[in-house]
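Just protein_0.cif here, mmCIF, C-alpha atoms:
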data_model
loop_
_atom_site.label_atom_id
_atom_site.label_comp_id
_atom_site.auth_asym_id
_atom_site.auth_seq_id
_atom_site.Cartn_x
_atom_site.Cartn_y
_atom_site.Cartn_z
CA MET A 1 15.88 42.89 115.34
CA THR A 2 17.09 42.28 118.85
CA SER A 3 18.54 39.48 120.93
CA ARG A 4 15.00 38.75 122.10
CA ASN A 5 14.81 36.57 118.99
CA PRO A 6 17.96 34.41 118.96
CA PRO A 7 17.11 32.49 115.75
CA ALA A 8 16.60 35.76 113.87
CA VAL A 9 19.83 37.22 115.21
CA ALA A 10 21.80 34.09 114.33
CA ALA A 11 20.31 33.84 110.86
CA PHE A 12 20.97 37.43 109.89
CA LEU A 13 24.43 37.44 111.43
CA VAL A 14 25.55 35.20 108.57
CA VAL A 15 24.17 37.54 105.90
CA GLY A 16 27.74 38.79 105.55
CA LEU A 17 28.92 35.28 104.82
CA VAL A 18 26.15 34.54 102.36
CA LEU A 19 25.99 37.82 100.49
CA GLY A 20 29.35 39.37 101.26
CA LEU A 21 27.40 42.38 102.53
CA ALA A 22 24.40 42.95 104.75
CA ALA A 23 21.08 42.73 102.96
CA GLY A 24 19.08 44.35 105.71
CA CYS A 25 17.24 42.86 108.62
CA GLY A 26 13.53 42.27 108.22
CA GLY A 27 13.03 39.31 110.55
CA GLY A 28 12.43 39.37 114.29
CA GLY A 29 11.44 42.26 116.53
CA ASP A 30 8.50 44.32 115.34
CA GLY A 31 9.75 44.48 111.73
CA HIS A 32 9.60 48.29 111.72
CA VAL A 33 11.65 50.03 109.05
CA ALA A 34 12.32 53.69 109.72
CA ALA A 35 13.24 56.24 107.07
CA THR A 36 16.78 57.60 107.19
CA SER A 37 18.32 60.52 105.32
CA SER A 38 16.62 62.32 102.46
CA PRO A 39 17.17 60.67 99.07
CA SER A 40 18.36 63.95 97.60
CA SER A 41 21.27 64.06 100.06
CA VAL A 42 22.98 61.07 98.45
CA ALA A 43 25.14 61.58 95.37
CA PRO A 44 24.69 59.01 92.61
CA VAL A 45 27.44 56.68 91.50
CA PRO A 46 28.73 58.07 88.18
CA GLY A 47 26.65 56.62 85.35
CA SER A 48 24.27 54.92 87.77
CA TYR A 49 21.37 55.77 90.09
CA ASN A 50 20.76 57.89 93.17
CA ALA A 51 18.86 56.83 96.29
CA ASP A 52 15.69 58.61 95.19
CA GLN A 53 15.54 56.58 91.96
CA LEU A 54 16.24 53.35 93.84
CA THR A 55 13.48 54.09 96.35
CA GLN A 56 11.00 54.53 93.52
CA ALA A 57 12.12 51.19 92.06
CA LEU A 58 11.48 49.14 95.21
CA LEU A 59 8.59 46.71 95.36
CA THR A 60 5.49 48.46 96.68
CA ASP A 61 3.54 45.34 97.57
CA ILE A 62 3.93 41.57 97.86
CA PRO A 63 0.76 39.44 97.83
CA GLY A 64 0.10 38.05 101.29
CA TYR A 65 2.52 40.45 102.97
CA VAL A 66 2.18 43.92 104.50
CA ARG A 67 4.86 46.59 104.07
CA SER A 68 6.51 47.30 107.40
CA GLY A 69 6.92 51.06 107.74
CA ALA A 70 8.42 53.44 105.20
CA PRO A 71 11.38 52.51 102.99
CA GLN A 72 14.88 53.35 104.15
CA TRP A 73 17.18 55.23 101.81
CA GLY A 74 20.57 56.88 101.81
CA GLU A 75 24.14 55.63 101.78
CA TYR A 76 24.16 51.91 102.44
CA GLY A 77 26.19 52.22 105.63
CA SER A 78 23.73 54.79 107.04
CA LEU A 79 20.64 52.57 106.80
CA ALA A 80 19.24 51.66 110.20
CA ALA A 81 18.94 47.98 109.28
CA VAL A 82 22.61 47.84 108.29
CA GLN A 83 23.74 49.64 111.42
CA ASN A 84 21.67 47.27 113.56
CA LEU A 85 23.30 44.27 111.91
CA ASN A 86 26.76 45.72 112.42
CA GLN A 87 26.01 46.18 116.12
CA MET A 88 24.82 42.59 116.41
CA GLN A 89 27.97 41.30 114.76
CA GLN A 90 30.00 43.03 117.45
CA ALA A 91 27.84 41.65 120.27
CA VAL A 92 27.68 37.93 119.41
CA LYS A 93 30.28 35.18 119.49
CA LEU A 94 31.04 32.53 116.85
CA ASP A 95 32.38 29.08 117.66
CA LYS A 96 34.64 29.54 114.62
CA PRO A 97 36.33 32.92 115.11
CA GLN A 98 38.05 32.57 111.74
CA CYS A 99 34.65 33.05 110.10
CA ALA A 100 34.05 36.41 111.78
CA SER A 101 36.17 38.37 109.33
CA SER A 102 34.25 36.85 106.43
CA THR A 103 30.99 38.27 107.79
CA ARG A 104 32.38 41.80 107.76
CA ALA A 105 35.04 42.12 105.08
CA LEU A 106 33.04 43.46 102.14
CA ASN A 107 30.54 45.11 104.43
CA GLN A 108 33.40 47.44 105.37
CA GLU A 109 34.35 48.16 101.75
CA LYS A 110 33.97 51.88 101.05
CA ALA A 111 32.31 51.34 97.67
CA VAL A 112 29.60 49.35 99.45
CA GLN A 113 29.22 51.54 102.51
CA THR A 114 28.85 54.76 100.49
CA ALA A 115 26.65 53.35 97.72
CA PRO A 116 23.26 55.06 97.23
CA SER A 117 20.74 52.49 98.45
CA ALA A 118 17.10 51.85 99.28
CA LEU A 119 15.48 49.17 101.41
CA ALA A 120 11.92 48.01 102.02
CA ALA A 121 10.60 45.33 104.39
CA PHE A 122 7.37 43.33 104.38
CA THR A 123 5.88 40.98 106.96
CA ARG A 124 3.36 38.16 106.98
CA GLY A 125 2.00 37.79 110.49
CA THR A 126 4.70 37.87 113.14
CA ARG A 127 6.93 35.04 111.93
CA GLN A 128 7.81 35.66 108.28
CA SER A 129 9.41 38.63 106.54
CA VAL A 130 10.86 39.77 103.23
CA THR A 131 13.49 42.49 102.84
CA GLU A 132 14.52 44.02 99.51
CA THR A 133 17.62 46.16 99.08
CA LEU A 134 18.72 48.03 95.94
CA MET A 135 22.24 49.46 95.74
CA ALA A 136 23.89 51.59 93.05
CA VAL A 137 27.32 50.01 92.74
CA GLY A 138 29.76 49.70 89.88
CA PRO A 139 29.84 46.60 87.70
CA ASP A 140 32.99 45.23 89.34
CA VAL A 141 31.47 45.37 92.83
CA ALA A 142 28.18 43.88 91.60
CA ALA A 143 29.91 41.03 89.78
CA ARG A 144 32.03 40.28 92.84
CA GLN A 145 28.93 40.02 95.03
CA VAL A 146 27.39 37.46 92.68
CA ARG A 147 30.63 35.45 92.69
CA VAL A 148 30.97 35.34 96.51
CA ARG A 149 30.91 31.81 97.92
CA ILE A 150 30.68 30.63 101.51
CA PRO A 151 34.03 29.30 102.79
CA ALA A 152 33.80 25.51 103.21
CA GLY A 153 34.79 25.71 106.85
CA CYS A 154 32.07 28.25 107.62
CA ARG A 155 29.06 26.37 106.25
CA SER A 156 28.22 25.01 109.69
CA ILE A 157 28.67 27.40 112.60
CA ARG A 158 27.32 28.05 116.07
CA VAL A 159 26.44 31.56 117.21
CA LYS A 160 26.19 32.64 120.85
CA VAL A 161 23.32 35.10 121.27
CA GLY A 162 23.13 36.32 124.84
CA GLY A 163 23.61 33.15 126.86
CA ALA A 164 22.29 30.73 124.23
CA TRP A 165 24.07 28.91 121.41
CA VAL A 166 22.24 28.68 118.09
CA SER A 167 23.32 26.49 115.17
CA ASP A 168 23.43 27.73 111.56
CA THR A 169 23.82 25.50 108.51
CA LEU A 170 24.51 27.31 105.22
CA VAL A 171 23.76 25.94 101.75
CA GLU A 172 24.34 27.21 98.21
CA PRO A 173 22.08 25.26 95.84
CA SER A 174 21.78 25.81 92.12
CA GLY A 175 19.43 28.76 91.76
CA ALA A 176 17.45 30.58 89.14
CA HIS A 177 19.28 32.92 86.75
CA ILE A 178 17.93 36.44 87.26
CA GLY A 179 19.10 39.65 85.61
CA GLU A 180 22.70 39.77 84.44
CA GLY A 181 23.72 37.27 87.10
CA SER A 182 22.42 35.98 90.42
CA ARG A 183 22.95 33.43 93.14
CA THR A 184 20.89 31.89 95.91
CA ALA A 185 21.90 30.76 99.39
CA GLY A 186 20.04 29.52 102.44
CA VAL A 187 20.53 29.25 106.19
CA LEU A 188 18.84 26.76 108.52
CA THR A 189 18.90 28.06 112.08
CA ASN A 190 18.23 25.59 114.90
CA THR A 191 18.01 26.28 118.61
CA GLY A 192 17.20 22.66 119.48
CA THR A 193 13.52 23.50 119.95
CA THR A 194 12.96 25.95 117.09
CA ALA A 195 14.04 25.82 113.45
CA VAL A 196 13.73 28.68 110.98
CA ARG A 197 14.97 29.20 107.45
CA THR A 198 16.43 32.21 105.72
CA TRP A 199 16.85 32.39 101.95
CA PHE A 200 18.92 35.04 100.19
CA VAL A 201 19.01 35.97 96.52
CA VAL A 202 21.50 38.50 95.18
CA LEU A 203 21.29 39.69 91.58
CA ARG A 204 22.88 42.34 89.41
CA SER A 205 21.74 44.39 86.46
CA ARG A 206 22.78 47.60 84.75
CA GLY A 207 23.93 50.01 87.43
CA TYR A 208 22.51 48.27 90.48
CA LEU A 209 22.70 45.28 92.79
CA ALA A 210 19.55 43.85 94.38
CA THR A 211 19.13 41.50 97.32
CA ILE A 212 16.06 39.68 98.60
CA THR A 213 16.01 38.15 102.08
CA LEU A 214 13.16 35.81 103.06
CA TYR A 215 13.05 34.79 106.73
CA GLY A 216 10.66 32.51 108.60
CA PRO A 217 9.86 28.90 109.52
CA GLY A 218 8.10 28.41 106.17
CA ALA A 219 10.62 30.21 103.96
CA THR A 220 11.53 28.37 100.75
CA GLN A 221 14.05 28.82 97.97
CA ALA A 222 11.28 28.92 95.36
CA GLU A 223 9.46 31.74 97.14
CA ALA A 224 12.63 33.78 97.64
CA GLU A 225 13.49 33.45 93.95
CA ARG A 226 9.95 34.37 92.97
CA PHE A 227 10.23 37.58 95.00
CA ALA A 228 13.64 38.25 93.44
CA HIS A 229 12.10 37.94 89.97
CA ARG A 230 9.39 40.43 90.99
CA ALA A 231 11.99 42.83 92.38
CA TYR A 232 14.04 42.61 89.19
CA GLN A 233 11.01 43.20 86.95
CA GLN A 234 9.93 46.18 89.04
CA ALA A 235 13.40 47.75 89.01
CA GLU A 236 13.74 47.26 85.26
CA ARG A 237 10.39 48.99 84.71
CA ILE A 238 11.23 52.01 86.84
CA LEU A 239 14.96 52.65 86.44
CA PRO A 240 15.90 54.47 83.21
#
Let me see the structure of the file written as C-alpha cells.
Amino acid sequence: MTSRNPPAVAAFLVVGLVLGLAAGCGGGGDGHVAATSSPSSVAPVPGSYNADQLTQALLTDIPGYVRSGAPQWGEYGSLAAVQNLNQMQQAVKLDKPQCASSTRALNQEKAVQTAPSALAAFTRGTRQSVTETLMAVGPDVAARQVRVRIPAGCRSIRVKVGGAWVSDTLVEPSGAHIGEGSRTAGVLTNTGTTAVRTWFVVLRSRGYLATITLYGPGATQAEAERFAHRAYQQAERILP
C-alpha cells in the first residue's frame, strides 16, 4: 500500500485503533504479499504454535477472490505488511494527535512484535481485498485484543495523506461470536468524492489470535464475519 491510494492509507492507519495491533495491509497498491523469513527460523511461544504451523493453517482460497502472492511468515514485527503500516503511521498526520499513541501502543508491545505469525492476502479485481493474520500469542494478550475498544474521542478522525485530508468514521457494532471470543469493527473512509469501507474481525482460540481485514467499496460486516468463520474453521482443522 502506498500514498497513491489515500483512502486505503487512511483506512489501514486506524487498524491500530480498531484492533490494537496491525492486521496487515491487503488493500491498495498491487496487493502483492512477499514472503519473509523462513518459518523454521521463528521459535514457538511455549505451549503454542510456530510460524510454520500457522502458515499451514491459513486460508488457501476464498470463493470469488484470488490469493495475492505467497503468504508472509515470521515474527509479527518482521512481516512486510506490518513494517509498511508502521512506516505509514510515521508519515501521515492526524487531526487529533492524542489518538496517534492509540494506533501504536500495543503494536509496539514485545509479546506482539515477536509472536510467530503468518499472513495471507486475497484480492477481487483491483478494488477489494481480504487479509488474514494468525499470531501465536499467550491467552492474556489474545484476551486483551478482543477486549480493546476504540476511544470515544477517536471514533471520528481526519488523516492527512500527502497533501489531502481523508475522513475516517469508526464503528463497533454487535458482531458474531467466533471461537473463544471475537469482536467486529468497521471504518468508513471518505475523501469527499470516494467512499470505501473496511471491516475488521479479531478472534481468539487456543494458542492463537486471528484477524480478518476486508477492504473495498462493497465491504460488509456480514462478509467479513463470514470470512472470519472460515478462517477459524480452517485453523481449528489444521492446528493440533
- Residue IDs satisfying the PyMOL selection byres ((chain A and resi 198-212) around 9), as a ChimeraX atom specification: /A:8,11-12,15,18-19,23-24,45,47-49,54,130-139,141-143,145-146,175,177-189,196-197,213-217,219-221,223-225,227-228,231-232,236
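Note that atom CA of Lys160 of chain A and atom CA of Pro97 of chain A are 11.7 Å apart.
The interatomic distance for the pair atom CA of Val161 of chain A and atom CA of Ala81 of chain A works out to 18.1 Å.
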- Task: Name every residue that the PyMOL selection byres ((chain A and resi 238) around 9) selects in this structure, writing the answer as a list in words with chains first and numbers rising.
- Result: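 So the PyMOL selection byres ((chain A and resi 238) around 9), applied here, picks out Gln53, Leu54, Gln56, Ala57, Leu58, Gln233, Gln234, Ala235, Glu236, Arg237, Leu239 and Pro240 of chain A.
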- Task: State, in Å with one decimal place, the distance from atom CA of Asp61 of chain A to atom CA of Leu85 of chain A.
- Result: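 It comes out at 24.4 Å.
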- Find, counting all atoms listed in the file, the residue in A:Leu119, A:Thr169, A:Ala51, A:Val92 that gets nearest to Ala70 of chain A.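 Result for the nearest residue to Ala70 of chain A: A:Leu119.
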- Item | Exercise: Thr114 of chain A partners within 9 Å, all atoms listed in the file, chain neighbours under 3 positions left out, as a ChimeraX atom specification | /A:42,74-78,109-111,117
Padding 4 Å on every side, please: axis-aligned box over the listed atoms of segment 50-56 of chain A, centre and edge lengths to one decimal in Å, as lines of an AutoDock Vina configuration file.
center_x = 15.9
center_y = 56.0
center_z = 94.2
size_x = 17.8
size_y = 13.3
size_z = 12.4
- Message: What would the selection look like, as a VMD selection string, if the PyMOL selection byres ((chain A and resi 153) around 12) were run on the coordinates I just shared?
- Response: chain A and resid 17 95 to 100 102 149 to 152 154 to 157 169 to 170
- Item | For His229 of chain A, the nearest of the candidates A:Thr194, A:Pro71, A:Ala176, A:Gln128, counting only C-alpha atoms |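 For His229 of chain A, the nearest of the candidates is A:Ala176.
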Using N, CA and C atoms, give me segment 137-181 of chain A from the structure I just pasted, as a CSV table (one decimal), in the first residue's frame.
chain,number,residue,atom,x,y,z
A,137,VAL,N,0.0,-16.1,20.3
A,137,VAL,CA,0.2,-15.2,21.5
A,137,VAL,C,-0.4,-15.9,22.7
A,138,GLY,N,0.0,-15.5,23.8
A,138,GLY,CA,-0.5,-16.1,25.1
A,138,GLY,C,-1.9,-15.7,25.3
A,139,PRO,N,-2.6,-16.4,26.2
A,139,PRO,CA,-4.1,-16.1,26.4
A,139,PRO,C,-4.3,-14.7,26.9
A,140,ASP,N,-3.4,-14.2,27.7
A,140,ASP,CA,-3.7,-12.8,28.2
A,140,ASP,C,-3.6,-11.8,27.1
A,141,VAL,N,-2.6,-11.9,26.2
A,141,VAL,CA,-2.5,-11.0,25.1
A,141,VAL,C,-3.8,-11.1,24.2
A,142,ALA,N,-4.1,-12.4,23.9
A,142,ALA,CA,-5.3,-12.6,23.0
A,142,ALA,C,-6.6,-12.1,23.6
A,143,ALA,N,-6.8,-12.3,24.9
A,143,ALA,CA,-8.0,-11.8,25.5
A,143,ALA,C,-8.0,-10.3,25.5
A,144,ARG,N,-6.8,-9.6,25.7
A,144,ARG,CA,-6.8,-8.2,25.7
A,144,ARG,C,-7.1,-7.6,24.3
A,145,GLN,N,-6.7,-8.3,23.3
A,145,GLN,CA,-7.0,-7.8,21.9
A,145,GLN,C,-8.5,-7.9,21.7
A,146,VAL,N,-9.2,-8.9,22.2
A,146,VAL,CA,-10.6,-9.0,22.0
A,146,VAL,C,-11.4,-7.9,22.8
A,147,ARG,N,-10.8,-7.5,23.9
A,147,ARG,CA,-11.4,-6.5,24.8
A,147,ARG,C,-11.2,-5.1,24.3
A,148,VAL,N,-10.2,-4.8,23.4
A,148,VAL,CA,-9.9,-3.5,23.0
A,148,VAL,C,-11.1,-2.7,22.5
A,149,ARG,N,-11.3,-1.5,22.9
A,149,ARG,CA,-12.4,-0.7,22.3
A,149,ARG,C,-11.8,0.6,21.8
A,150,ILE,N,-12.4,1.2,20.8
A,150,ILE,CA,-12.0,2.5,20.3
A,150,ILE,C,-12.3,3.6,21.3
A,151,PRO,N,-11.3,4.4,21.6
A,151,PRO,CA,-11.6,5.6,22.5
A,151,PRO,C,-12.7,6.5,21.9
A,152,ALA,N,-13.7,6.9,22.7
A,152,ALA,CA,-14.8,7.7,22.2
A,152,ALA,C,-14.4,8.9,21.4
A,153,GLY,N,-13.3,9.5,21.8
A,153,GLY,CA,-12.9,10.7,21.1
A,153,GLY,C,-12.1,10.5,19.8
A,154,CYS,N,-11.9,9.2,19.5
A,154,CYS,CA,-11.1,8.8,18.3
A,154,CYS,C,-12.0,8.1,17.3
A,155,ARG,N,-13.3,8.1,17.4
A,155,ARG,CA,-14.2,7.4,16.5
A,155,ARG,C,-14.5,8.2,15.3
A,156,SER,N,-14.1,9.4,15.2
A,156,SER,CA,-14.2,10.3,14.0
A,156,SER,C,-12.9,11.1,13.9
A,157,ILE,N,-12.1,10.8,12.9
A,157,ILE,CA,-10.8,11.4,12.8
A,157,ILE,C,-10.6,11.8,11.3
A,158,ARG,N,-9.7,12.7,11.1
A,158,ARG,CA,-9.2,13.1,9.8
A,158,ARG,C,-7.7,12.8,9.7
A,159,VAL,N,-7.4,12.2,8.5
A,159,VAL,CA,-6.0,11.8,8.3
A,159,VAL,C,-5.4,12.5,7.1
A,160,LYS,N,-4.3,13.1,7.3
A,160,LYS,CA,-3.6,13.8,6.1
A,160,LYS,C,-2.7,12.9,5.5
A,161,VAL,N,-3.0,12.5,4.2
A,161,VAL,CA,-2.2,11.6,3.4
A,161,VAL,C,-1.6,12.4,2.3
A,162,GLY,N,-0.3,12.7,2.3
A,162,GLY,CA,0.3,13.6,1.3
A,162,GLY,C,-0.2,15.0,1.6
A,163,GLY,N,-0.9,15.6,0.6
A,163,GLY,CA,-1.5,16.9,0.7
A,163,GLY,C,-3.0,16.8,0.9
A,164,ALA,N,-3.6,15.7,1.0
A,164,ALA,CA,-5.0,15.5,1.1
A,164,ALA,C,-5.5,15.1,2.5
A,165,TRP,N,-6.6,15.6,2.9
A,165,TRP,CA,-7.2,15.2,4.2
A,165,TRP,C,-8.3,14.1,3.8
A,166,VAL,N,-8.3,13.0,4.6
A,166,VAL,CA,-9.3,12.0,4.4
A,166,VAL,C,-10.0,11.8,5.7
A,167,SER,N,-11.3,11.6,5.7
A,167,SER,CA,-12.1,11.4,6.9
A,167,SER,C,-12.4,9.9,7.2
A,168,ASP,N,-12.2,9.5,8.5
A,168,ASP,CA,-12.5,8.1,8.9
A,168,ASP,C,-13.5,8.2,10.0
A,169,THR,N,-14.5,7.4,9.9
A,169,THR,CA,-15.5,7.2,10.9
A,169,THR,C,-15.5,5.7,11.4
A,170,LEU,N,-15.3,5.5,12.7
A,170,LEU,CA,-15.1,4.1,13.2
A,170,LEU,C,-16.4,3.7,14.0
A,171,VAL,N,-16.8,2.5,13.8
A,171,VAL,CA,-17.9,1.9,14.4
A,171,VAL,C,-17.6,0.6,15.0
A,172,GLU,N,-18.3,0.2,16.1
A,172,GLU,CA,-18.1,-1.1,16.8
A,172,GLU,C,-19.5,-1.7,17.0
A,173,PRO,N,-20.1,-2.3,16.0
A,173,PRO,CA,-21.4,-2.9,16.2
A,173,PRO,C,-21.4,-4.2,16.9
A,174,SER,N,-22.5,-4.7,17.3
A,174,SER,CA,-22.6,-6.1,17.9
A,174,SER,C,-22.2,-7.0,16.8
A,175,GLY,N,-21.3,-7.9,17.0
A,175,GLY,CA,-20.8,-8.8,16.0
A,175,GLY,C,-21.1,-10.3,16.3
A,176,ALA,N,-20.8,-11.2,15.4
A,176,ALA,CA,-20.9,-12.6,15.6
A,176,ALA,C,-19.9,-13.1,16.7
A,177,HIS,N,-20.3,-14.1,17.4
A,177,HIS,CA,-19.3,-14.7,18.4
A,177,HIS,C,-18.6,-15.8,17.7
A,178,ILE,N,-17.3,-15.7,17.6
A,178,ILE,CA,-16.5,-16.7,16.9
A,178,ILE,C,-15.4,-17.2,17.8
A,179,GLY,N,-15.1,-18.5,17.8
A,179,GLY,CA,-14.0,-19.0,18.6
A,179,GLY,C,-14.3,-18.8,20.1
A,180,GLU,N,-13.2,-18.5,20.9
A,180,GLU,CA,-13.4,-18.3,22.3
A,180,GLU,C,-13.7,-16.9,22.6
A,181,GLY,N,-13.8,-16.1,21.6
A,181,GLY,CA,-14.1,-14.6,21.8
A,181,GLY,C,-13.8,-13.9,20.6
